[in-house]
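Participant: Could you have a look at this structure, given as structure tokens, before my questions?
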Amino acid sequence: MSQTVPNPWEIRESAFLVYVNSIADEDLYVEEELEGLCEAAHITPIGSMRQRIDKPWKAAYIGSGKLEELKAYVLDANADVVIFDCELTGIQNRNISDALQRKVVDRTQLILDIFARRARTREGHLQVELAQLSYLLPRLMSVYTKFERQRGGIGMRGPGETKLESDRRMVNDRIAKLKDEIEDVKKHRAQQRAARKKHPYPSASIAGYTSAGKSTLMNLLSGTDVLADAMPFATLDPTTRKLELHGGYCLYLTDTVGFIRNLPTNLVAAFRATLEEVAQSDFILHVIDVSHPQWETQEEAVLHTLGVLDAADKPMLTVYNKIDRVEDKAMLRELVARTPNSVAISAITHEGMEDLHRHLRQMVEKFLGRVKAVLPYDKASLVEECYRFGRVLNVDYQDDGIHIEAELVEEMRQILAKYVVP
């Protein structure tokens with residue numbers, strides 16, 4: 001009689017959560033965020049405890065006394081898994097797991113699990129696997145809890161190599177293969193960007209904390225149907241669309257994966273081919289959920305990640321989103337007034353969208369330069385080029401040549417430089 005094999009993605013485990021944040025004012029924020037990550041990973045929290053420490057204990061992060069207290073809590077709750085809101089070393093994970101006799105997962109593993117669930121494209125799957133293996137590699141030693149490493153030498157190489165060394169070699173080989181495949185993806189993405197650069201439109205990336213409303217805004221601006229979900233990391237694979245603005249202006253807009261505080265370095269490295277869309281953009285739309293009580297902390301996390309990606313100095317339009325949830329309108333007006341190049345909107349109610357379109361047009365105009373030139377008739381083909389690579393405002397065919405006034409991208413302005421007139 002055949003048995004149905006359960007879908008691993010549909011298994012819902014119960015979890016006991018361990019908070020280790022050091023700042024008391026962030027308690028509620030930290031708790032809500034970890035619970036949100038659990039929901040995204042299909043995990044049900046059934047209990048929690050907190051331990052504030054200035055410096056993690058090397059053996060078990062929270063110290064032996066607190067570990068015994070945690071063991072009692074976990075046994076009483078009968079949780080399937082224990083989740084630490086931090087990154088554990090391999091030794092710490094092993095020691096805690098041995099003491100609790102439960103599966104132990106840290107914050108990085110939890111986020112990796114969510115990414116694995118959300119990956120839809122081949123690129124997404126490649127990047128998730130690379131991040132998982134990069135996380136696993138330095139922790140392989142802890143897997144072999146009863147293994148005492150032998151010295152190398154005659155008889156200890158080749159077929160006689162240890163299981164640890166064999167597994168480490170296989171993981172390294174797979175990582176190398178994944179990096180090669182992702183490099184191909186990176187080249188393909190670079191070709192796509194180069195093709196877009198042949199058009200007279202600048203490019204912008206939507207960046208922001210996860211669940212800030214980036215995909216909702218993308219759908220509203222460009223008419224796409226990108227998955228817009230309040231759950232963390234609803235959007236994993238980037239989407240680029242051409243956005244039509246008033247006055248004949250356009251831009252290419254890309255929605256990217258959401259950021260989060262303490263974004264694991266393995267994820268940043270693995271998803272660099274995707275995140276390079278941000279670094280290669282002409283400017284950034286930084287979307288902030290201004291209704292969130294810790295929006296300033298989220299803003300700092302995004303700016304930090306942009307710095308890691310060498311994109312912190314990009315021209316930026318700050319978009320304060322979800323103003324329909326904010327009662328203090330005076331605070332919003334003051335916030336926009338003191339923040340250069342910013343706008344307050346609601347992607348749900350569409351409030352402030354006219355201001356956003358106006359700001360976007362202004363950003364695009366900054367990347368176009370107005371040129372007046374007189375072209376000789378044997379260079380008449382340049383007129384068509386001006387239509388292709390900018391906005392032609394006026395053309396007048398006179399005896400001394402073709403008088404043209406246009407707003408052009410930098411490359412086209414350089415071509416016309418010798419024909420420019422005051």
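Residue numbers start at 1 in each chain; chains themselves are named A, B, ... in the order of the structure tokens; ligands are numbered from 1 in the order shown.
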List the neighbours of Pro315 of chain A out to 8 Å using only C-alpha atoms; skip same-chain residues closer than 3 positions along the sequence, and give me the result as a ChimeraX atom specification.
Facilitator: /A:282-284
Participant: Please save C-alpha atoms of the selected residues as a PDB file, in the first residue's frame.
Facilitator:
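Result file follows (selection.pdb):
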```pdb
ATOM      1  CA  ASP A 282      21.202  55.844 -12.083  1.00  0.00           C
ATOM      2  CA  PHE A 283      19.221  56.596  -8.928  1.00  0.00           C
ATOM      3  CA  ILE A 284      17.378  54.849  -6.093  1.00  0.00           C
TER       4      ILE A 284
END
```
Participant: Which residues are near Ala79 of chain A? Cut-off 12 Å, only C-alpha atoms, ignore same chain within fewer than 5 positions. Put them as a PyMOL selection string.
Facilitator: chain A and resi 12-17+43-48+70-74+100-104
Participant: Residues near Ile260 of chain A, anyone? I mean within 9 Å using only C-alpha atoms, not counting same-chain ones fewer than 6 positions away, as a count of residues only.
Facilitator: 8
Participant: Under the rule that only C-alpha atoms are counted, which of A:Ala207, A:Lys372, A:Val290, A:Glu300 is the nearest residue to Thr256 of chain A?
Facilitator: A:Ala207
Participant: Which residue, A:His403, A:Arg261, A:Arg94, A:Lys163, has the smallest gap to Ile111 of chain A when you use only C-alpha atoms?
Facilitator: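 Going through A:His403, A:Arg261, A:Arg94, A:Lys163 one by one, the smallest distance to Ile111 of chain A is for A:Arg261.
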Participant: Would you mind reading off the distance between atom CA of Arg370 of chain A and atom CA of Arg413 of chain A, one decimal, in Å?
Facilitator: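 Calculated distance between atom CA of Arg370 of chain A and atom CA of Arg413 of chain A is 8.6 Å.
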Participant: Extract, using only C-alpha atoms, all DNA, RNA and protein residues at most 12 Å from Leu332 of chain A, discarding same-chain residues fewer than 5 positions from it, and format them as JSON, numbers by chain.
Facilitator: {"A": [290, 291, 319, 320, 321, 322, 323, 324, 325, 326, 327, 337, 338, 339, 342, 343, 344, 345, 352]}
Participant: Any idea what the distance is between atom CA of Asn341 of chain A and atom CA of Leu317 of chain A?
Facilitator: 5.5 Å
Participant: Which residue, A:Met316, A:Val257, A:Ala119, A:Leu335, has the smallest gap to His286 of chain A when you use only C-alpha atoms?
Facilitator: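 Distance minimum relative to His286 of chain A lands on A:Met316.
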Participant: Contacts of Lys418 of chain A at 10 Å or less, counting only C-alpha atoms, minus same-chain residues fewer than 4 places along, as a list in words?
Facilitator: Ala373, Val374, Leu375, Arg413 and Gln414 of chain A
